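Structure file query.txt with compact mmCIF, C-alpha atoms (C1' of nucleotides):
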# COMPACT_ATOMS: atom_id res chain seq x y z
CA MET A 1 100.39 59.90 59.93
CA ASP A 2 99.16 63.17 58.48
CA THR A 3 101.99 65.55 59.28
CA ASP A 4 100.21 68.45 57.65
CA ALA A 5 97.08 68.07 59.77
CA VAL A 6 99.18 68.05 62.94
CA PHE A 7 101.16 71.16 61.99
CA LYS A 8 98.00 72.97 60.92
CA ALA A 9 96.26 71.99 64.16
CA LEU A 10 99.19 73.30 66.17
CA ALA A 11 99.28 76.56 64.20
CA ASP A 12 96.47 78.13 66.20
CA ALA A 13 97.19 79.58 69.64
CA ASN A 14 93.70 78.75 70.93
CA ARG A 15 94.18 75.10 70.02
CA ARG A 16 97.59 75.01 71.69
CA GLU A 17 95.90 76.52 74.73
CA LEU A 18 93.32 73.73 74.70
CA LEU A 19 96.08 71.14 74.54
CA ASP A 20 97.80 72.89 77.43
CA ARG A 21 94.62 72.67 79.45
CA LEU A 22 94.25 68.97 78.76
CA PHE A 23 97.91 68.61 79.60
CA VAL A 24 97.23 70.05 83.04
CA ARG A 25 94.08 67.99 83.57
CA ASN A 26 93.12 65.26 81.18
CA GLY A 27 89.61 64.03 80.39
CA GLN A 28 87.78 67.35 80.58
CA THR A 29 84.31 67.91 79.19
CA LEU A 30 83.53 70.46 76.50
CA GLY A 31 81.91 72.72 79.07
CA GLU A 32 84.97 72.63 81.30
CA LEU A 33 87.25 73.42 78.38
CA CYS A 34 85.10 76.42 77.51
CA GLU A 35 85.41 78.01 80.94
CA GLY A 36 87.34 81.26 80.95
CA LEU A 37 87.88 81.23 77.21
CA ASP A 38 86.77 84.25 75.21
CA MET A 39 84.94 82.13 72.65
CA SER A 40 81.57 80.56 72.15
CA ARG A 41 81.07 76.89 72.90
CA GLN A 42 80.69 76.19 69.18
CA ALA A 43 84.02 77.80 68.41
CA VAL A 44 85.69 75.57 71.00
CA THR A 45 83.92 72.56 69.49
CA LYS A 46 85.36 73.42 66.09
CA HIS A 47 88.87 73.67 67.52
CA LEU A 48 88.47 70.36 69.30
CA ASP A 49 87.20 68.77 66.09
CA ILE A 50 90.36 69.90 64.32
CA LEU A 51 92.52 68.57 67.13
CA GLU A 52 90.63 65.29 67.01
CA ALA A 53 91.02 65.05 63.22
CA ALA A 54 94.76 65.52 63.71
CA ASN A 55 94.65 62.73 66.29
CA LEU A 56 95.89 65.07 69.00
CA VAL A 57 92.74 64.61 71.06
CA ALA A 58 90.65 61.51 71.64
CA THR A 59 87.11 61.63 72.97
CA ILE A 60 84.58 59.38 74.60
CA LYS A 61 80.96 60.07 75.37
CA ARG A 62 79.74 59.53 78.88
CA GLY A 63 76.04 60.11 79.15
CA ARG A 64 75.38 63.61 77.90
CA GLU A 65 78.99 64.63 78.44
CA LYS A 66 81.93 64.31 76.09
CA LEU A 67 85.32 63.74 77.64
CA HIS A 68 88.48 64.90 75.89
CA TYR A 69 91.84 63.23 76.22
CA LEU A 70 95.20 64.51 75.08
CA ASN A 71 97.13 62.28 72.71
CA ALA A 72 100.74 63.44 72.58
CA VAL A 73 101.89 60.76 70.15
CA PRO A 74 101.64 62.90 66.98
CA ILE A 75 103.50 65.70 68.75
CA HIS A 76 106.20 63.28 69.69
CA GLU A 77 106.40 62.01 66.11
CA ILE A 78 106.78 65.54 64.79
CA GLY A 79 109.61 66.12 67.19
CA GLU A 80 111.14 62.80 66.27
CA ARG A 81 110.88 62.86 62.51
CA TRP A 82 110.97 66.51 61.66
CA ILE A 83 112.34 68.72 64.38
CA SER A 84 115.19 66.51 65.48
CA LYS A 85 116.37 66.52 61.87
CA TYR A 86 116.87 70.28 62.02
CA GLU A 87 118.24 70.07 65.50
CA ARG A 88 121.10 67.88 64.30
CA LYS A 89 121.78 70.39 61.53
CA ARG A 90 121.86 73.16 64.09
CA LEU A 91 124.24 71.30 66.38
CA LYS A 92 126.46 70.56 63.37
CA ALA A 93 126.44 74.24 62.46
CA LEU A 94 127.40 75.17 66.01
CA SER A 95 130.19 72.62 65.97
CA GLU A 96 131.50 73.99 62.69
CA LEU A 97 131.34 77.50 64.05
CA LYS A 98 133.33 76.40 67.04
CA LYS A 99 135.96 74.79 64.82
CA ALA A 100 136.13 77.91 62.66
CA LEU A 101 136.67 80.08 65.72
CA GLU A 102 139.38 77.75 67.01
CA SER A 103 141.29 77.71 63.74
CA GLU A 104 140.97 81.48 63.67
CA ASN A 105 142.74 81.61 67.01
CA ASP A 106 145.58 79.49 65.59
CA GLU A 107 146.37 82.02 62.95
CA MET B 1 110.77 84.36 70.61
CA ASP B 2 107.47 84.45 68.80
CA THR B 3 106.23 80.90 69.14
CA ASP B 4 103.07 81.64 67.23
CA ALA B 5 104.91 82.97 64.18
CA VAL B 6 107.07 79.84 64.07
CA PHE B 7 104.12 77.46 64.33
CA LYS B 8 102.18 79.42 61.72
CA ALA B 9 105.19 79.46 59.40
CA LEU B 10 105.56 75.70 59.78
CA ALA B 11 101.86 75.12 59.14
CA ASP B 12 102.21 75.34 55.36
CA ALA B 13 103.56 72.35 53.43
CA ASN B 14 105.16 74.56 50.78
CA ARG B 15 107.14 76.40 53.43
CA ARG B 16 108.26 73.16 55.05
CA GLU B 17 109.35 72.06 51.59
CA LEU B 18 111.41 75.24 51.23
CA LEU B 19 113.05 74.58 54.59
CA ASP B 20 113.75 71.02 53.48
CA ARG B 21 115.43 72.33 50.34
CA LEU B 22 117.60 74.70 52.34
CA PHE B 23 118.32 71.83 54.69
CA VAL B 24 119.73 69.83 51.77
CA ARG B 25 121.67 72.77 50.36
CA ASN B 26 121.99 75.99 52.27
CA GLY B 27 122.44 79.46 50.82
CA GLN B 28 120.27 79.11 47.72
CA THR B 29 119.02 82.03 45.67
CA LEU B 30 115.35 82.80 45.15
CA GLY B 31 115.58 81.52 41.58
CA GLU B 32 117.08 78.23 42.70
CA LEU B 33 114.41 77.77 45.34
CA CYS B 34 111.73 78.35 42.70
CA GLU B 35 112.96 75.57 40.41
CA GLY B 36 110.56 72.66 40.08
CA LEU B 37 107.96 74.23 42.35
CA ASP B 38 104.45 74.64 41.01
CA MET B 39 104.23 78.28 42.05
CA SER B 40 105.11 81.69 40.75
CA ARG B 41 108.30 83.39 41.90
CA GLN B 42 106.23 85.92 43.83
CA ALA B 43 104.44 83.19 45.73
CA VAL B 44 107.77 81.72 46.77
CA THR B 45 108.94 85.19 47.80
CA LYS B 46 105.92 85.54 50.06
CA HIS B 47 106.60 82.18 51.68
CA LEU B 48 110.23 83.09 52.22
CA ASP B 49 109.17 86.41 53.74
CA ILE B 50 107.01 84.55 56.24
CA LEU B 51 109.86 82.17 57.07
CA GLU B 52 112.19 85.13 57.49
CA ALA B 53 109.69 86.94 59.75
CA ALA B 54 109.57 83.80 61.90
CA ASN B 55 113.36 83.86 61.97
CA LEU B 56 113.54 80.47 60.30
CA VAL B 57 115.42 81.85 57.31
CA ALA B 58 118.12 84.50 57.14
CA THR B 59 119.09 86.26 53.94
CA ILE B 60 121.95 88.26 52.52
CA LYS B 61 122.11 90.10 49.23
CA ARG B 62 125.01 89.36 46.94
CA GLY B 63 124.92 91.57 43.87
CA ARG B 64 121.55 91.10 42.27
CA GLU B 65 121.06 87.76 44.00
CA LYS B 66 119.53 87.04 47.38
CA LEU B 67 120.90 84.09 49.30
CA HIS B 68 118.72 82.21 51.79
CA TYR B 69 120.03 80.42 54.83
CA LEU B 70 118.20 78.04 57.12
CA ASN B 71 118.07 78.96 60.78
CA ALA B 72 117.05 75.91 62.77
CA VAL B 73 117.23 77.61 66.17
CA PRO B 74 113.49 78.43 66.45
CA ILE B 75 112.66 74.87 65.43
CA HIS B 76 114.97 73.60 68.11
CA GLU B 77 113.37 75.89 70.66
CA ILE B 78 109.92 74.65 69.78
CA GLY B 79 111.08 71.11 70.26
CA GLU B 80 112.77 72.07 73.49
CA ARG B 81 110.09 74.18 75.14
CA TRP B 82 106.89 72.82 73.75
CA ILE B 83 107.15 69.41 72.19
CA SER B 84 109.39 67.84 74.79
CA LYS B 85 106.83 68.84 77.40
CA TYR B 86 104.22 66.65 75.73
CA GLU B 87 106.78 63.97 75.05
CA ARG B 88 107.40 63.56 78.77
CA LYS B 89 103.64 63.34 79.31
CA ARG B 90 103.45 60.66 76.66
CA LEU B 91 106.27 58.63 78.18
CA LYS B 92 104.62 58.93 81.57
CA ALA B 93 101.35 57.70 80.08
CA LEU B 94 103.11 54.74 78.50
CA SER B 95 104.80 53.93 81.78
CA GLU B 96 101.48 54.07 83.61
CA LEU B 97 99.90 51.86 80.99
CA LYS B 98 102.70 49.38 81.47
CA LYS B 99 102.18 49.37 85.24
CA ALA B 100 98.44 48.95 84.77
CA LEU B 101 98.97 45.97 82.48
CA GLU B 102 101.40 44.42 84.95
CA SER B 103 99.05 44.77 87.91
CA GLU B 104 96.28 43.35 85.75
CA ASN B 105 98.39 40.26 85.25
CA ASP B 106 98.78 39.92 89.01
CA GLU B 107 95.08 39.63 89.56
C1' DT C 1 56.91 64.23 82.40
C1' DT C 2 58.69 68.38 82.31
C1' DG C 3 62.38 71.31 82.44
C1' DA C 4 67.19 72.15 82.55
C1' DC C 5 71.56 70.84 80.89
C1' DA C 6 75.42 69.23 77.69
C1' DC C 7 76.24 68.98 73.33
C1' DG C 8 75.55 68.64 67.85
C1' DC C 9 74.33 70.62 63.34
C1' DA C 10 74.16 74.09 59.89
C1' DA C 11 73.92 78.59 57.93
C1' DC C 12 76.20 82.65 57.77
C1' DC C 13 79.75 86.45 58.03
C1' DT C 14 84.42 88.42 57.92
C1' DG C 15 89.39 88.67 57.96
C1' DT C 16 93.30 86.22 56.50
C1' DT C 17 95.97 83.31 53.46
C1' DG C 18 97.92 81.72 49.36
C1' DG C 19 98.03 82.54 44.98
C1' DT C 20 98.00 85.42 40.66
C1' DT C 21 99.37 89.32 37.26
C1' DG C 22 101.56 93.57 35.81
C1' DC C 23 105.02 96.61 36.27
C1' DC C 24 109.44 98.55 38.32
C1' DT C 25 114.51 98.59 39.80
C1' DA C 26 119.14 97.19 39.94
C1' DA C 27 122.93 94.39 38.48
C1' DA C 28 125.43 91.67 35.10
C1' DT C 29 126.48 90.91 30.24
C1' DC C 30 126.95 91.86 25.39
C1' DG D 1 124.59 101.92 26.12
C1' DA D 2 121.25 98.20 25.30
C1' DT D 3 119.57 93.85 26.86
C1' DT D 4 119.01 90.25 29.75
C1' DT D 5 118.69 88.62 34.36
C1' DA D 6 117.40 88.49 39.51
C1' DG D 7 114.51 90.16 42.29
C1' DG D 8 110.94 93.85 44.60
C1' DC D 9 106.35 96.13 44.97
C1' DA D 10 101.50 96.39 44.81
C1' DA D 11 96.88 95.40 43.37
C1' DC D 12 93.79 91.98 42.98
C1' DC D 13 91.17 87.52 43.73
C1' DA D 14 89.37 82.98 45.32
C1' DA D 15 89.36 79.95 49.04
C1' DC D 16 89.64 79.00 53.67
C1' DA D 17 89.76 79.74 58.70
C1' DG D 18 87.75 81.26 62.71
C1' DG D 19 84.09 83.09 64.64
C1' DT D 20 79.01 83.95 65.34
C1' DT D 21 73.83 82.81 65.92
C1' DG D 22 69.77 79.90 65.85
C1' DC D 23 67.86 75.71 66.53
C1' DG D 24 67.67 70.61 67.28
C1' DT D 25 68.63 66.27 70.10
C1' DG D 26 69.56 63.26 73.80
C1' DT D 27 70.23 62.81 78.88
C1' DC D 28 69.61 63.67 83.65
C1' DA D 29 66.93 65.23 87.59
C1' DA D 30 62.88 67.21 90.09
What does this structure look like when you write it as structure tokens?
Amino acid sequence: MDTDAVFKALADANRRELLDRLFVRNGQTLGELCEGLDMSRQAVTKHLDILEAANLVATIKRGREKLHYLNAVPIHEIGERWISKYERKRLKALSELKKALESENDE
Amino acid sequence: MDTDAVFKALADANRRELLDRLFVRNGQTLGELCEGLDMSRQAVTKHLDILEAANLVATIKRGREKLHYLNAVPIHEIGERWISKYERKRLKALSELKKALESENDE
DNA sequence: TTGACACGCAACCTGTTGGTTGCCTAAATC
DNA sequence: GATTTAGGCAACCAACAGGTTGCGTGTCAA
């Protein structure tokens, strides 16, 4: 998968907001996703295009409407392959810190 | 913490590469981090500044050198607070898909 | 069939981002 | 003390990102 596209897609707060909205209710139309956002419809379309290119959103057309579905798989993969790597490092660092503090107490 | 700063910092492949380098060997100097990269020293400095602003890198000065240390805590927090949320959604979706396939077999 | 509605396409504008270069400062080395 | 070495500061620049507006297209409904 294209890690870079996913990270870049997630870098924008408006796009994360759109994902959050789909997270709450999946399968929304473009018009629904625009409601309450301080952006033009075209701006939202662009954001959704980027999310779709990163495979974070899938769409189907139903009549004149376009339904948007969240795809959390790339997010999961990022967590799995990239973030958990650093998480282990962090836990190791904490464990070493703990050991260091304990041996300090022994002295 | 500033979620946006962390996501934005992680959005650039060069910065992720720098984190990967610190992941392999922590506490490197600016000069060391520059080696083999197709960028000027100043460009690397800018990237490291952004990582430091996002609290992903901590630095200390030792003589005329500046040592850089990876801080994986914000990455962990992103995984914890944001990514795991979508991960659960994904697992739920998979589980529902499984149920749907099973009930389809019953018919 | 006519009008309203949901959306797509494309040009355009502006601020930000990622990079450069040139020069400066401070520390180590000779 | 002079020179090299590690890094900082600031101006500048091209490319891109995020937004706008105007207009076109297909679909539904009266």
Item to complete: Pull out every residue of chain C that has at least one atom within 12 Å of chain B, counting all atoms listed in the file, and report them as a PyMOL selection string.
Response: chain C and resi 17-21+25-28
Worksheet item: Could you name the residues that touch stretch 22-27 of chain A at 10 Å or less, counting only C-alpha atoms (C1' of nucleotides), but leaving out those on the same chain fewer than 2 positions away, as a ChimeraX atom specification?
Response: /A:16-20,29-30,32-33,57-60,66-72 /B:85-86,89
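Residues having any atom no farther than 9 Å from (74.4, 71.6, 74.4) (counting all atoms listed in the file) are Gly31, Arg41 and Arg64 of chain A; DC5, DA6, DC7 and DG8 of chain C; DT25 of chain D.
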Write out the coordinates of chain A as a PDB file with C-alpha atoms, keeping the file's coordinate frame after a least-squares overlay onto chain B built on all ordered Cα pairs.
ATOM      1  CA  MET A   1     110.781  84.333  70.596  1.00  0.00           C
ATOM      2  CA  ASP A   2     107.473  84.440  68.765  1.00  0.00           C
ATOM      3  CA  THR A   3     106.216  80.889  69.114  1.00  0.00           C
ATOM      4  CA  ASP A   4     103.068  81.655  67.179  1.00  0.00           C
ATOM      5  CA  ALA A   5     104.934  82.968  64.140  1.00  0.00           C
ATOM      6  CA  VAL A   6     107.075  79.826  64.047  1.00  0.00           C
ATOM      7  CA  PHE A   7     104.108  77.453  64.291  1.00  0.00           C
ATOM      8  CA  LYS A   8     102.184  79.424  61.679  1.00  0.00           C
ATOM      9  CA  ALA A   9     105.207  79.440  59.367  1.00  0.00           C
ATOM     10  CA  LEU A  10     105.555  75.687  59.739  1.00  0.00           C
ATOM     11  CA  ALA A  11     101.843  75.125  59.092  1.00  0.00           C
ATOM     12  CA  ASP A  12     102.214  75.361  55.328  1.00  0.00           C
ATOM     13  CA  ALA A  13     103.540  72.379  53.377  1.00  0.00           C
ATOM     14  CA  ASN A  14     105.165  74.591  50.731  1.00  0.00           C
ATOM     15  CA  ARG A  15     107.132  76.426  53.404  1.00  0.00           C
ATOM     16  CA  ARG A  16     108.230  73.161  55.004  1.00  0.00           C
ATOM     17  CA  GLU A  17     109.325  72.083  51.538  1.00  0.00           C
ATOM     18  CA  LEU A  18     111.403  75.246  51.194  1.00  0.00           C
ATOM     19  CA  LEU A  19     113.045  74.565  54.539  1.00  0.00           C
ATOM     20  CA  ASP A  20     113.736  71.015  53.404  1.00  0.00           C
ATOM     21  CA  ARG A  21     115.419  72.340  50.297  1.00  0.00           C
ATOM     22  CA  LEU A  22     117.607  74.692  52.294  1.00  0.00           C
ATOM     23  CA  PHE A  23     118.311  71.806  54.619  1.00  0.00           C
ATOM     24  CA  VAL A  24     119.697  69.830  51.696  1.00  0.00           C
ATOM     25  CA  ARG A  25     121.663  72.769  50.299  1.00  0.00           C
ATOM     26  CA  ASN A  26     121.994  75.973  52.225  1.00  0.00           C
ATOM     27  CA  GLY A  27     122.459  79.468  50.802  1.00  0.00           C
ATOM     28  CA  GLN A  28     120.279  79.128  47.713  1.00  0.00           C
ATOM     29  CA  THR A  29     119.041  82.070  45.690  1.00  0.00           C
ATOM     30  CA  LEU A  30     115.370  82.837  45.159  1.00  0.00           C
ATOM     31  CA  GLY A  31     115.598  81.603  41.587  1.00  0.00           C
ATOM     32  CA  GLU A  32     117.098  78.297  42.665  1.00  0.00           C
ATOM     33  CA  LEU A  33     114.414  77.817  45.294  1.00  0.00           C
ATOM     34  CA  CYS A  34     111.738  78.405  42.673  1.00  0.00           C
ATOM     35  CA  GLU A  35     112.972  75.657  40.369  1.00  0.00           C
ATOM     36  CA  GLY A  36     110.575  72.754  40.030  1.00  0.00           C
ATOM     37  CA  LEU A  37     107.974  74.328  42.275  1.00  0.00           C
ATOM     38  CA  ASP A  38     104.458  74.751  40.929  1.00  0.00           C
ATOM     39  CA  MET A  39     104.267  78.382  42.016  1.00  0.00           C
ATOM     40  CA  SER A  40     105.172  81.785  40.723  1.00  0.00           C
ATOM     41  CA  ARG A  41     108.346  83.466  41.900  1.00  0.00           C
ATOM     42  CA  GLN A  42     106.274  86.000  43.839  1.00  0.00           C
ATOM     43  CA  ALA A  43     104.458  83.267  45.713  1.00  0.00           C
ATOM     44  CA  VAL A  44     107.796  81.767  46.749  1.00  0.00           C
ATOM     45  CA  THR A  45     108.972  85.224  47.818  1.00  0.00           C
ATOM     46  CA  LYS A  46     105.935  85.562  50.062  1.00  0.00           C
ATOM     47  CA  HIS A  47     106.618  82.191  51.675  1.00  0.00           C
ATOM     48  CA  LEU A  48     110.246  83.097  52.226  1.00  0.00           C
ATOM     49  CA  ASP A  49     109.201  86.418  53.751  1.00  0.00           C
ATOM     50  CA  ILE A  50     107.040  84.551  56.249  1.00  0.00           C
ATOM     51  CA  LEU A  51     109.868  82.166  57.053  1.00  0.00           C
ATOM     52  CA  GLU A  52     112.208  85.112  57.489  1.00  0.00           C
ATOM     53  CA  ALA A  53     109.729  86.916  59.763  1.00  0.00           C
ATOM     54  CA  ALA A  54     109.592  83.768  61.888  1.00  0.00           C
ATOM     55  CA  ASN A  55     113.392  83.807  61.976  1.00  0.00           C
ATOM     56  CA  LEU A  56     113.552  80.418  60.289  1.00  0.00           C
ATOM     57  CA  VAL A  57     115.434  81.813  57.308  1.00  0.00           C
ATOM     58  CA  ALA A  58     118.140  84.454  57.164  1.00  0.00           C
ATOM     59  CA  THR A  59     119.113  86.237  53.972  1.00  0.00           C
ATOM     60  CA  ILE A  60     121.956  88.249  52.562  1.00  0.00           C
ATOM     61  CA  LYS A  61     122.134  90.114  49.297  1.00  0.00           C
ATOM     62  CA  ARG A  62     125.009  89.413  46.986  1.00  0.00           C
ATOM     63  CA  GLY A  63     124.920  91.647  43.970  1.00  0.00           C
ATOM     64  CA  ARG A  64     121.565  91.135  42.318  1.00  0.00           C
ATOM     65  CA  GLU A  65     121.073  87.796  44.044  1.00  0.00           C
ATOM     66  CA  LYS A  66     119.556  87.066  47.425  1.00  0.00           C
ATOM     67  CA  LEU A  67     120.916  84.102  49.319  1.00  0.00           C
ATOM     68  CA  HIS A  68     118.747  82.211  51.792  1.00  0.00           C
ATOM     69  CA  TYR A  69     120.048  80.417  54.837  1.00  0.00           C
ATOM     70  CA  LEU A  70     118.210  78.010  57.086  1.00  0.00           C
ATOM     71  CA  ASN A  71     118.088  78.904  60.760  1.00  0.00           C
ATOM     72  CA  ALA A  72     117.029  75.849  62.745  1.00  0.00           C
ATOM     73  CA  VAL A  73     117.218  77.542  66.137  1.00  0.00           C
ATOM     74  CA  PRO A  74     113.487  78.371  66.426  1.00  0.00           C
ATOM     75  CA  ILE A  75     112.640  74.812  65.400  1.00  0.00           C
ATOM     76  CA  HIS A  76     114.928  73.523  68.070  1.00  0.00           C
ATOM     77  CA  GLU A  77     113.340  75.835  70.640  1.00  0.00           C
ATOM     78  CA  ILE A  78     109.876  74.602  69.733  1.00  0.00           C
ATOM     79  CA  GLY A  79     111.023  71.059  70.220  1.00  0.00           C
ATOM     80  CA  GLU A  80     112.706  71.994  73.461  1.00  0.00           C
ATOM     81  CA  ARG A  81     110.057  74.108  75.111  1.00  0.00           C
ATOM     82  CA  TRP A  82     106.844  72.781  73.707  1.00  0.00           C
ATOM     83  CA  ILE A  83     107.100  69.355  72.174  1.00  0.00           C
ATOM     84  CA  SER A  84     109.343  67.777  74.761  1.00  0.00           C
ATOM     85  CA  LYS A  85     106.780  68.806  77.368  1.00  0.00           C
ATOM     86  CA  TYR A  86     104.168  66.615  75.698  1.00  0.00           C
ATOM     87  CA  GLU A  87     106.688  63.923  75.039  1.00  0.00           C
ATOM     88  CA  ARG A  88     107.316  63.525  78.763  1.00  0.00           C
ATOM     89  CA  LYS A  89     103.563  63.308  79.311  1.00  0.00           C
ATOM     90  CA  ARG A  90     103.354  60.625  76.667  1.00  0.00           C
ATOM     91  CA  LEU A  91     106.192  58.600  78.156  1.00  0.00           C
ATOM     92  CA  LYS A  92     104.545  58.925  81.579  1.00  0.00           C
ATOM     93  CA  ALA A  93     101.273  57.694  80.113  1.00  0.00           C
ATOM     94  CA  LEU A  94     103.039  54.726  78.544  1.00  0.00           C
ATOM     95  CA  SER A  95     104.735  53.943  81.830  1.00  0.00           C
ATOM     96  CA  GLU A  96     101.421  54.073  83.661  1.00  0.00           C
ATOM     97  CA  LEU A  97      99.856  51.841  81.061  1.00  0.00           C
ATOM     98  CA  LYS A  98     102.650  49.376  81.538  1.00  0.00           C
ATOM     99  CA  LYS A  99     102.161  49.402  85.306  1.00  0.00           C
ATOM    100  CA  ALA A 100      98.414  48.947  84.881  1.00  0.00           C
ATOM    101  CA  LEU A 101      98.966  45.956  82.620  1.00  0.00           C
ATOM    102  CA  GLU A 102     101.432  44.435  85.078  1.00  0.00           C
ATOM    103  CA  SER A 103      99.114  44.789  88.051  1.00  0.00           C
ATOM    104  CA  GLU A 104      96.373  43.294  85.913  1.00  0.00           C
ATOM    105  CA  ASN A 105      98.537  40.230  85.427  1.00  0.00           C
ATOM    106  CA  ASP A 106      98.963  39.928  89.209  1.00  0.00           C
ATOM    107  CA  GLU A 107      95.281  39.555  89.760  1.00  0.00           C
TER     108      GLU A 107
END
Worksheet entry | Distance filter 10 Å, all atoms listed in the file, chain D against chain B, as a count of residues only | 4
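For the choices B:His76, B:Arg15, B:Arg62, B:Arg21, the atom-to-atom distance to chain A is smallest for B:His76 when using only C-alpha atoms.
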Fill in: Residue with smallest distance to chain A - pool B:Arg81, B:Asp2, B:Ala93, B:Phe7, counting all atoms listed in the file
B:Phe7
Contacts of chain B with chain A up to 7 Å, shortest pair per row, only C-alpha atoms, as a tab-separated table:
residue	atom	partner	partner_atom	distance
B:Asp4	CA	A:Ala13	CA	6.7
B:Phe7	CA	A:Ala11	CA	4.9
B:Lys8	CA	A:Ala11	CA	4.8
B:Leu10	CA	A:Phe7	CA	6.7
B:Ala11	CA	A:Lys8	CA	4.8
B:Ala13	CA	A:Asp4	CA	6.7
B:Ala72	CA	A:Tyr86	CA	5.7
B:Val73	CA	A:Arg90	CA	6.8
B:Ile75	CA	A:Ile83	CA	6.2
B:His76	CA	A:Glu87	CA	5.5
B:Gly79	CA	A:Gly79	CA	6.0
B:Ile83	CA	A:Ile75	CA	6.2
B:Tyr86	CA	A:Ala72	CA	5.7
B:Glu87	CA	A:His76	CA	5.4
B:Arg90	CA	A:Ala72	CA	5.6
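Note that atom CA of A:Asn55 and atom C1' of C:DT16 are 25.5 Å apart.
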Worksheet item: Hey, can you check how far atom CA of B:Ala53 sits from atom CA of B:Met1?
Response: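 Pair atom CA of B:Ala53 / atom CA of B:Met1 returns 11.2 Å.
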Worksheet item: What separation in Å, quoted to one decimal, exists between atom C1' of D:DG19 and atom CA of A:Gly36?
Response: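 Distance reported for this atom pair: 16.7 Å.
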